[in-house]
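**Student:** Here you go, this is entry-v4.tsv (TSV, C-alpha atoms).
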chain	number	residue	atom	x	y	z
A	1	MET	CA	9.24	16.47	-18.66
A	2	SER	CA	12.17	18.85	-19.18
A	3	THR	CA	15.82	17.88	-18.84
A	4	ALA	CA	16.02	19.89	-15.61
A	5	ASP	CA	13.00	18.06	-14.21
A	6	ARG	CA	14.59	14.69	-14.99
A	7	ARG	CA	17.82	15.72	-13.25
A	8	THR	CA	16.05	16.80	-10.03
A	9	ARG	CA	13.45	14.03	-9.95
A	10	THR	CA	13.97	11.68	-7.02
A	11	THR	CA	14.47	8.04	-7.91
A	12	HIS	CA	13.86	5.17	-5.50
A	13	SER	CA	14.26	2.18	-7.81
A	14	GLY	CA	17.69	1.25	-6.45
A	15	GLN	CA	16.91	1.73	-2.76
A	16	ALA	CA	16.39	-1.09	-0.30
A	17	LEU	CA	13.30	-1.45	1.88
A	18	THR	CA	13.76	-0.17	5.42
A	19	TYR	CA	12.53	-3.35	7.16
A	20	ALA	CA	13.17	-7.09	6.93
A	21	ALA	CA	9.77	-8.76	7.47
A	22	ILE	CA	8.63	-8.45	3.85
A	23	GLY	CA	5.14	-9.85	3.36
A	24	ALA	CA	4.27	-10.01	7.07
A	25	SER	CA	1.19	-7.81	6.56
A	26	GLN	CA	-0.42	-10.93	5.01
A	27	ALA	CA	0.20	-13.18	8.01
A	28	ASP	CA	-2.92	-14.58	9.70
A	29	ASP	CA	-1.49	-13.93	13.17
A	30	LEU	CA	-0.23	-10.40	12.49
A	31	MET	CA	-2.43	-8.81	15.16
A	32	TYR	CA	-1.13	-11.24	17.80
A	33	TYR	CA	2.47	-11.74	16.71
A	34	PRO	CA	3.69	-8.75	14.70
A	35	PRO	CA	7.37	-8.44	13.79
A	36	LYS	CA	9.37	-7.54	16.89
A	37	GLY	CA	9.28	-3.83	17.66
A	38	PHE	CA	6.37	-3.06	15.32
A	39	LYS	CA	2.79	-2.06	16.12
A	40	PRO	CA	0.13	-3.98	14.14
A	41	PHE	CA	-3.08	-2.44	12.83
A	42	GLN	CA	-6.18	-3.69	11.04
A	43	ALA	CA	-9.39	-2.09	9.79
A	44	ARG	CA	-12.19	-3.38	7.59
A	45	ALA	CA	-15.45	-2.10	6.14
A	46	ARG	CA	-18.26	-3.55	4.06
A	47	LEU	CA	-18.55	-2.00	0.60
A	48	GLY	CA	-21.75	-3.71	-0.53
A	49	SER	CA	-22.30	-6.96	-2.36
A	50	GLY	CA	-22.21	-8.51	-5.81
A	51	ASP	CA	-19.68	-9.05	-8.57
A	52	ASP	CA	-19.96	-5.51	-9.94
A	53	ARG	CA	-19.12	-3.99	-6.58
A	54	PHE	CA	-16.17	-6.34	-6.15
A	55	GLU	CA	-14.79	-5.66	-9.63
A	56	ALA	CA	-15.14	-1.88	-9.28
A	57	ALA	CA	-13.40	-1.83	-5.91
A	58	ALA	CA	-10.65	-4.16	-7.15
A	59	GLU	CA	-9.95	-1.95	-10.16
A	60	SER	CA	-9.81	1.10	-7.90
A	61	ILE	CA	-7.30	-0.51	-5.55
A	62	LEU	CA	-5.02	-1.65	-8.38
A	63	THR	CA	-4.87	1.89	-9.82
A	64	TRP	CA	-3.97	3.66	-6.54
A	65	GLY	CA	-7.61	4.69	-6.19
A	66	ILE	CA	-7.75	4.11	-2.45
A	67	GLN	CA	-4.82	6.49	-1.94
A	68	ARG	CA	-6.00	9.16	-4.37
A	69	GLY	CA	-9.58	8.91	-3.14
A	70	SER	CA	-8.41	9.68	0.38
A	71	GLY	CA	-6.63	12.88	-0.65
A	72	ILE	CA	-3.11	11.49	-1.08
A	73	THR	CA	-1.18	12.50	-4.18
A	74	VAL	CA	0.71	9.64	-5.85
A	75	GLU	CA	3.85	10.96	-7.53
A	76	ASN	CA	7.02	9.67	-9.21
A	77	ILE	CA	5.68	6.20	-10.02
A	78	GLU	CA	8.60	4.12	-11.27
A	79	LEU	CA	8.41	0.72	-12.91
A	80	PRO	CA	11.08	-1.82	-11.94
A	81	VAL	CA	13.85	-2.52	-14.40
A	82	SER	CA	13.56	-6.20	-15.21
A	83	SER	CA	16.54	-8.48	-14.70
A	84	GLU	CA	17.17	-12.02	-13.54
A	85	THR	CA	17.98	-10.73	-10.06
A	86	ASP	CA	14.82	-8.64	-9.60
A	87	TYR	CA	12.74	-9.19	-6.49
A	88	ALA	CA	9.21	-9.44	-7.87
A	89	GLY	CA	7.45	-10.31	-4.63
A	90	LEU	CA	5.81	-13.51	-3.45
A	91	VAL	CA	2.75	-15.55	-4.36
A	92	TYR	CA	0.39	-16.16	-1.42
A	93	ASP	CA	-2.25	-18.81	-0.84
A	94	SER	CA	-5.82	-18.14	0.36
A	95	HIS	CA	-4.60	-18.08	3.98
A	96	GLY	CA	-1.94	-15.45	3.34
A	97	GLN	CA	0.98	-17.87	3.47
A	98	PRO	CA	3.83	-17.37	0.94
A	99	ILE	CA	4.08	-20.36	-1.37
A	100	ALA	CA	6.45	-19.29	-4.15
A	101	PRO	CA	8.37	-16.35	-5.61
A	102	ARG	CA	6.47	-14.34	-8.20
A	103	GLU	CA	7.96	-14.22	-11.67
A	104	VAL	CA	9.12	-10.90	-13.08
A	105	ASP	CA	6.48	-9.59	-15.49
A	106	GLU	CA	7.25	-6.94	-18.10
A	107	GLY	CA	3.62	-6.75	-19.26
A	108	HIS	CA	2.57	-3.74	-17.19
A	109	VAL	CA	-1.06	-2.59	-17.34
A	110	TYR	CA	-1.87	1.12	-17.59
A	111	THR	CA	-4.94	3.25	-16.95
A	112	GLU	CA	-6.36	5.56	-19.62
A	113	ASP	CA	-4.26	8.47	-18.30
A	114	GLY	CA	-1.07	6.42	-18.59
A	115	THR	CA	-0.67	5.59	-14.91
A	116	PRO	CA	0.70	2.06	-14.42
A	117	HIS	CA	-1.27	-0.37	-12.29
A	118	VAL	CA	0.41	-1.46	-9.10
A	119	ALA	CA	2.85	-4.32	-9.69
A	120	PRO	CA	5.60	-5.96	-7.64
A	121	GLY	CA	8.66	-3.73	-7.58
A	122	VAL	CA	6.87	-0.50	-8.55
A	123	THR	CA	7.94	2.47	-6.43
A	124	ALA	CA	6.03	5.68	-5.76
A	125	GLU	CA	5.94	8.71	-3.51
A	126	LEU	CA	2.80	9.26	-1.45
A	127	VAL	CA	2.42	12.96	-0.70
A	128	VAL	CA	0.18	14.35	2.05
A	129	HIS	CA	-0.22	17.84	3.50
A	130	VAL	CA	-0.79	18.12	7.24
A	131	PHE	CA	-1.34	21.58	8.71
A	132	GLY	CA	0.29	23.06	5.63
A	133	ILE	CA	3.39	20.84	5.88
A	134	ARG	CA	4.22	18.57	2.93
A	135	PHE	CA	5.20	15.01	3.85
A	136	VAL	CA	6.63	12.62	1.24
A	137	ALA	CA	6.41	8.88	1.92
A	138	PRO	CA	8.36	6.71	-0.57
A	139	VAL	CA	7.08	3.13	-0.93
A	140	ARG	CA	7.66	0.00	-2.99
A	141	VAL	CA	4.99	-2.55	-3.90
A	142	VAL	CA	6.10	-5.89	-2.42
A	143	SER	CA	3.16	-8.13	-3.37
A	144	VAL	CA	0.06	-8.12	-5.55
A	145	THR	CA	-2.90	-10.48	-5.16
A	146	THR	CA	-5.35	-11.06	-8.03
A	147	ASP	CA	-7.35	-14.10	-6.96
A	148	ALA	CA	-10.95	-14.72	-8.05
A	149	HIS	CA	-12.39	-13.30	-4.81
A	150	ARG	CA	-9.44	-11.42	-3.30
A	151	VAL	CA	-7.58	-8.56	-4.96
A	152	GLY	CA	-5.11	-6.06	-3.60
A	153	PHE	CA	-1.51	-5.27	-2.85
A	154	ALA	CA	0.98	-4.40	-0.14
A	155	TYR	CA	3.73	-1.84	-0.11
A	156	GLY	CA	6.75	-1.40	2.12
A	157	THR	CA	8.56	1.73	3.23
A	158	LEU	CA	11.69	3.16	1.62
A	159	PRO	CA	14.26	5.62	3.04
A	160	GLY	CA	12.64	8.99	3.72
A	161	HIS	CA	9.28	7.57	4.79
A	162	PRO	CA	8.05	8.87	8.19
A	163	GLU	CA	7.49	5.27	9.27
A	164	ILE	CA	9.13	1.87	8.85
A	165	GLY	CA	6.90	-1.06	7.94
A	166	GLU	CA	4.35	-2.41	5.53
A	167	GLU	CA	0.70	-1.82	4.67
A	168	SER	CA	-1.71	-3.93	2.63
A	169	PHE	CA	-5.01	-3.09	0.94
A	170	MET	CA	-7.33	-5.96	-0.01
A	171	VAL	CA	-10.83	-6.26	-1.43
A	172	GLU	CA	-12.51	-9.56	-0.58
A	173	GLN	CA	-15.77	-11.12	-1.74
A	174	HIS	CA	-17.18	-13.60	0.76
A	175	ASP	CA	-19.34	-16.66	0.12
A	176	ASP	CA	-22.52	-14.66	0.81
A	177	GLY	CA	-21.58	-12.19	-1.95
A	178	SER	CA	-20.65	-9.37	0.44
A	179	VAL	CA	-17.66	-7.24	-0.50
A	180	TRP	CA	-15.19	-5.98	2.09
A	181	VAL	CA	-12.06	-3.86	2.11
A	182	VAL	CA	-9.39	-4.88	4.62
A	183	ILE	CA	-6.40	-2.72	5.54
A	184	ARG	CA	-3.57	-4.23	7.59
A	185	SER	CA	-0.19	-2.88	8.59
A	186	PHE	CA	2.71	-3.03	10.97
A	187	SER	CA	4.84	0.02	11.58
A	188	LYS	CA	7.06	2.09	13.83
A	189	PRO	CA	8.49	5.63	13.56
A	190	SER	CA	11.47	5.87	11.23
A	191	THR	CA	13.51	8.47	13.14
A	192	TRP	CA	13.82	10.03	16.60
A	193	PHE	CA	11.93	13.05	15.28
A	194	TYR	CA	8.91	10.96	14.37
A	195	ARG	CA	9.22	8.95	17.59
A	196	LEU	CA	8.73	12.21	19.51
A	197	GLY	CA	5.53	12.71	17.58
A	198	THR	CA	4.25	9.12	17.94
A	199	PRO	CA	0.79	10.14	19.30
A	200	PHE	CA	0.36	12.52	16.36
A	201	VAL	CA	1.60	9.91	13.87
A	202	ARG	CA	-0.89	7.34	15.24
A	203	TRP	CA	-3.67	9.91	15.04
A	204	GLN	CA	-2.73	10.65	11.44
A	205	GLN	CA	-2.68	6.91	10.71
A	206	ARG	CA	-6.21	6.46	12.06
A	207	LYS	CA	-7.38	9.48	10.10
A	208	ALA	CA	-5.80	8.17	6.91
A	209	THR	CA	-7.41	4.76	7.44
A	210	LYS	CA	-10.87	6.31	7.73
A	211	GLN	CA	-10.21	8.19	4.51
A	212	TYR	CA	-9.01	4.98	2.83
A	213	LEU	CA	-12.21	3.18	3.80
A	214	ARG	CA	-14.41	6.05	2.61
A	215	ALA	CA	-12.52	6.16	-0.69
A	216	LEU	CA	-13.96	2.77	-1.70
A	217	LEU	CA	-17.53	3.22	-0.48
A	218	PRO	CA	-20.20	2.79	-3.18
A	219	ALA	CA	-20.67	6.55	-3.52
A	220	ARG	CA	-17.03	6.76	-4.66
A	221	THR	CA	-16.84	3.66	-6.89
A	222	PRO	CA	-19.53	3.23	-9.55
Is it possible to express this structure as structure tokens?
**Tutor:**
Amino acid sequence: MSTADRRTRTTHSGQALTYAAIGASQADDLMYYPPKGFKPFQARARLGSGDDRFEAAAESILTWGIQRGSGITVENIELPVSSETDYAGLVYDSHGQPIAPREVDEGHVYTEDGTPHVAPGVTAELVVHVFGIRFVAPVRVVSVTTDAHRVGFAYGTLPGHPEIGEESFMVEQHDDGSVWVVIRSFSKPSTWFYRLGTPFVRWQQRKATKQYLRALLPARTP
């Protein structure tokens, strides 16, 4: 990256999230009692069964595969700068209830192309093109789950995102061996401009969710 590129590159590491209910996408009663003023959403799809299917889907989710597989470009990934005051997210139990703060971890994992795995505090820009218009949605990872049968993460919105809220992506393996992907969110338009286009924004959200689900189907993950 040239010096000029570094000067013009947008940084989001010091920005605050644009909402207060951090972690609420994991709440069991989200669909019935979302944060005030927000619209909840949930979608799920079966991906197959077996440990191999679960492990492949989990690896895909933790490397931004569900976003990239749906046609979203993930840009400007920034790792958090570790300090004693860092917010590293929360640890959740099997019912989605926060039980403790997560410790800051400097041992980031990378893919073969050098892309860091999702981790609490990581920021990124999600870029989509709709009717030829480029939309940039800055986000920060607020929690990561890596349990034996449940893997995924949630990110929250940063200034400049078309919406305000949080979205989570989880792969779950049930007792019968079946593997499912579950997407949950709560959101509202971020500005008056996007409020005017609420029907279009909701349509785009449903479209993106279908693409997310297809991104992890067996034909996409070996």
**Student:** For a test of reading the model, state the distance in Å between CA of Gly71 (chain A) and CA of Ala208 (chain A), rounded to one decimal.
**Tutor:**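 These two atoms are separated by 8.9 Å.
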**Student:** Rounded to one decimal in Å, what is the spacing between CA of His174 (chain A) and CA of Ala56 (chain A)?
**Tutor:**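 A separation of 15.6 Å between them.
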**Student:** Can you pull out the residues contacting Phe169 (chain A)? Cut-off 7 Å, using all atoms listed in the file, and skip same-chain residues under 4 positions away; I want them as a ChimeraX atom specification.
**Tutor:** /A:152-154,182-184
**Student:** Based on the selection just made, write C-alpha atoms of those residues as a CSV table (one decimal), in the frame of the given file.
**Tutor:**
chain,number,residue,atom,x,y,z
A,152,GLY,CA,-5.1,-6.1,-3.6
A,153,PHE,CA,-1.5,-5.3,-2.8
A,154,ALA,CA,1.0,-4.4,-0.1
A,182,VAL,CA,-9.4,-4.9,4.6
A,183,ILE,CA,-6.4,-2.7,5.5
A,184,ARG,CA,-3.6,-4.2,7.6
**Student:** Enumerate, as a list of chain:residue names, the protein, DNA and RNA residues whose atoms approach (-4.9, -8.4, -8.7) to within 10 Å, taking into account all atoms listed in the file and the coordinate frame of the file.
**Tutor:**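 Counting all atoms listed in the file, I find these residues within 10 Å of (-4.9, -8.4, -8.7): A:Ala58, A:Glu59, A:Ile61, A:Leu62, A:His117, A:Val118, A:Ala119, A:Ser143, A:Val144, A:Thr145, A:Thr146, A:Asp147, A:Ala148, A:His149, A:Arg150, A:Val151, A:Gly152, A:Phe153, A:Met170, A:Val171.
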**Student:** Interatomic distance between CA of Val128 (chain A) and CA of Gly14 (chain A)?
**Tutor:**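 Value for the CA of Val128 (chain A)-CA of Gly14 (chain A) distance: 23.5 Å.
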**Student:** From the list A:Gln15, A:Phe186, A:Gly65, A:Ala45, which residue is nearest Asp29 (chain A) when using all atoms listed in the file?
**Tutor:**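 When distances to Asp29 (chain A) are compared using all atoms listed in the file, the smallest one comes from A:Phe186.
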**Student:** Can you pull out the residues contacting Glu78 (chain A)? Cut-off 10 Å, using all atoms listed in the file, and skip same-chain residues under 6 positions away; I want them as a list in words.
**Tutor:**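 Close residues of Glu78 (chain A): Thr11, His12, Ser13, Pro116, Gly121, Val122, Thr123, Ala124, Glu125 and Arg140 of chain A.
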**Student:** Using only C-alpha atoms, which of the listed residues (A:Pro80, A:Gly23, A:Gly37, A:Pro120) sits closest to Ile164 (chain A)?
**Tutor:**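 Once distances to Ile164 (chain A) are computed over only C-alpha atoms, the minimum belongs to A:Gly37.
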